[in-house]
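Since the structure comes first, as structure tokens, the remarks are kept for the end.
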Amino acid sequence: MPRQPGFPDPDKVSPNSPSVIVPAERVLALYNNANPNGKQFQKVSKTVQTWFENKAHEAGWHSVEFHGDVTGYSGLGAVLRRRFGR
């Protein structure tokens, strides 16, 4: 089985491109892989959103926005943004 990518790294974005799109499939995979003994979600619920937002802030992302139909997928994907000093 192929290895799933880890949580997006804020150190891999730049001031010229400070954000990353995380499709719903990846949000769900990250949540379900982190919670193998818990409920496995098939949609980005409020529980998944809250977990993802907390993990994003722990990882160093400054903002998290959930949007429907990100990259053509019909679920809620996320946009992570890193703020750079001016």
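Here's how to read the names in the structure tokens: chain A, B, ... by the order shown, residue numbers from 1 in each chain, ligand numbers from 1 in the order shown.
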
- Spatial neighbours of region 23-26 of chain A, max dist 6 Å, only C-alpha atoms, sep filter under 5 positions, as number ranges by chain: A: 75-77

- Message: Please extract the residues of chain A with a backbone DSSP assignment of strand (DSSP E) and present them as number ranges by chain.
- Response: A: 19-22, 63-68, 76-81

Residues from the last selection, C-alpha atoms, saved as a short mmCIF file (atom, residue, chain, number, x, y, z; two decimals), in the first residue's frame:
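Output contents, as saved in out.cif:
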data_model
loop_
_atom_site.label_atom_id
_atom_site.label_comp_id
_atom_site.auth_asym_id
_atom_site.auth_seq_id
_atom_site.Cartn_x
_atom_site.Cartn_y
_atom_site.Cartn_z
CA SER A 19 -0.84 28.93 0.89
CA VAL A 20 -1.65 25.35 0.03
CA ILE A 21 -4.90 23.66 -0.98
CA VAL A 22 -5.72 20.43 0.82
CA SER A 63 -5.12 30.35 8.99
CA VAL A 64 -7.38 27.52 7.88
CA GLU A 65 -10.41 28.01 5.64
CA PHE A 66 -12.75 25.26 4.53
CA HIS A 67 -14.33 25.55 1.08
CA GLY A 68 -16.68 23.38 -0.87
CA LEU A 76 -15.06 20.42 1.89
CA GLY A 77 -11.39 21.00 1.23
CA ALA A 78 -9.13 23.38 3.11
CA VAL A 79 -6.83 26.25 2.28
CA LEU A 80 -3.89 26.68 4.67
CA ARG A 81 -2.03 29.97 4.80
#

- Message: Set the distance at 12 Å and use only C-alpha atoms: which residues neighbour Ala34 (chain A) once local chain neighbours fewer than 4 positions away are removed? I'd like the list as number ranges by chain.
- Response: A: 4, 6-7, 27-30, 38-41, 48, 51-52, 55

- Just give me the gap between CA of Arg83 (chain A) and CA of Lys43 (chain A) in Å, one decimal is fine. 28.6 Å

- Task: Enumerate, as a list in words, the complete set of residues in region 13-73 of chain A that a backbone-based DSSP assignment places in alpha helix (DSSP H).
- Result: Ala24, Glu25, Arg26, Val27, Leu28, Ala29, Leu30, Tyr31, Asn32, Asn33, Ala34, Lys46, Thr47, Val48, Gln49, Thr50, Trp51, Phe52, Glu53, Asn54, Lys55, Ala56, His57, Glu58 and Ala59 of chain A

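Residues in contact with Pro18 (chain A) at up to 10 Å, not including ones fewer than 4 positions away on its chain and judged by only C-alpha atoms, are Pro10, Asp11, Lys12, Val13, Ser14, Trp61, Leu80, Arg81, Arg82, Arg83 and Phe84 of chain A.
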
- Message: I'd like the interatomic distance between CA of Thr47 (chain A) and CA of Asn35 (chain A), to a tenth of an Å.
- Response: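 Those two atoms sit 11.9 Å apart.
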
- Note on the structure: CA of Gly60 (chain A) sits from CA of Pro36 (chain A) at a separation of 24.2 Å
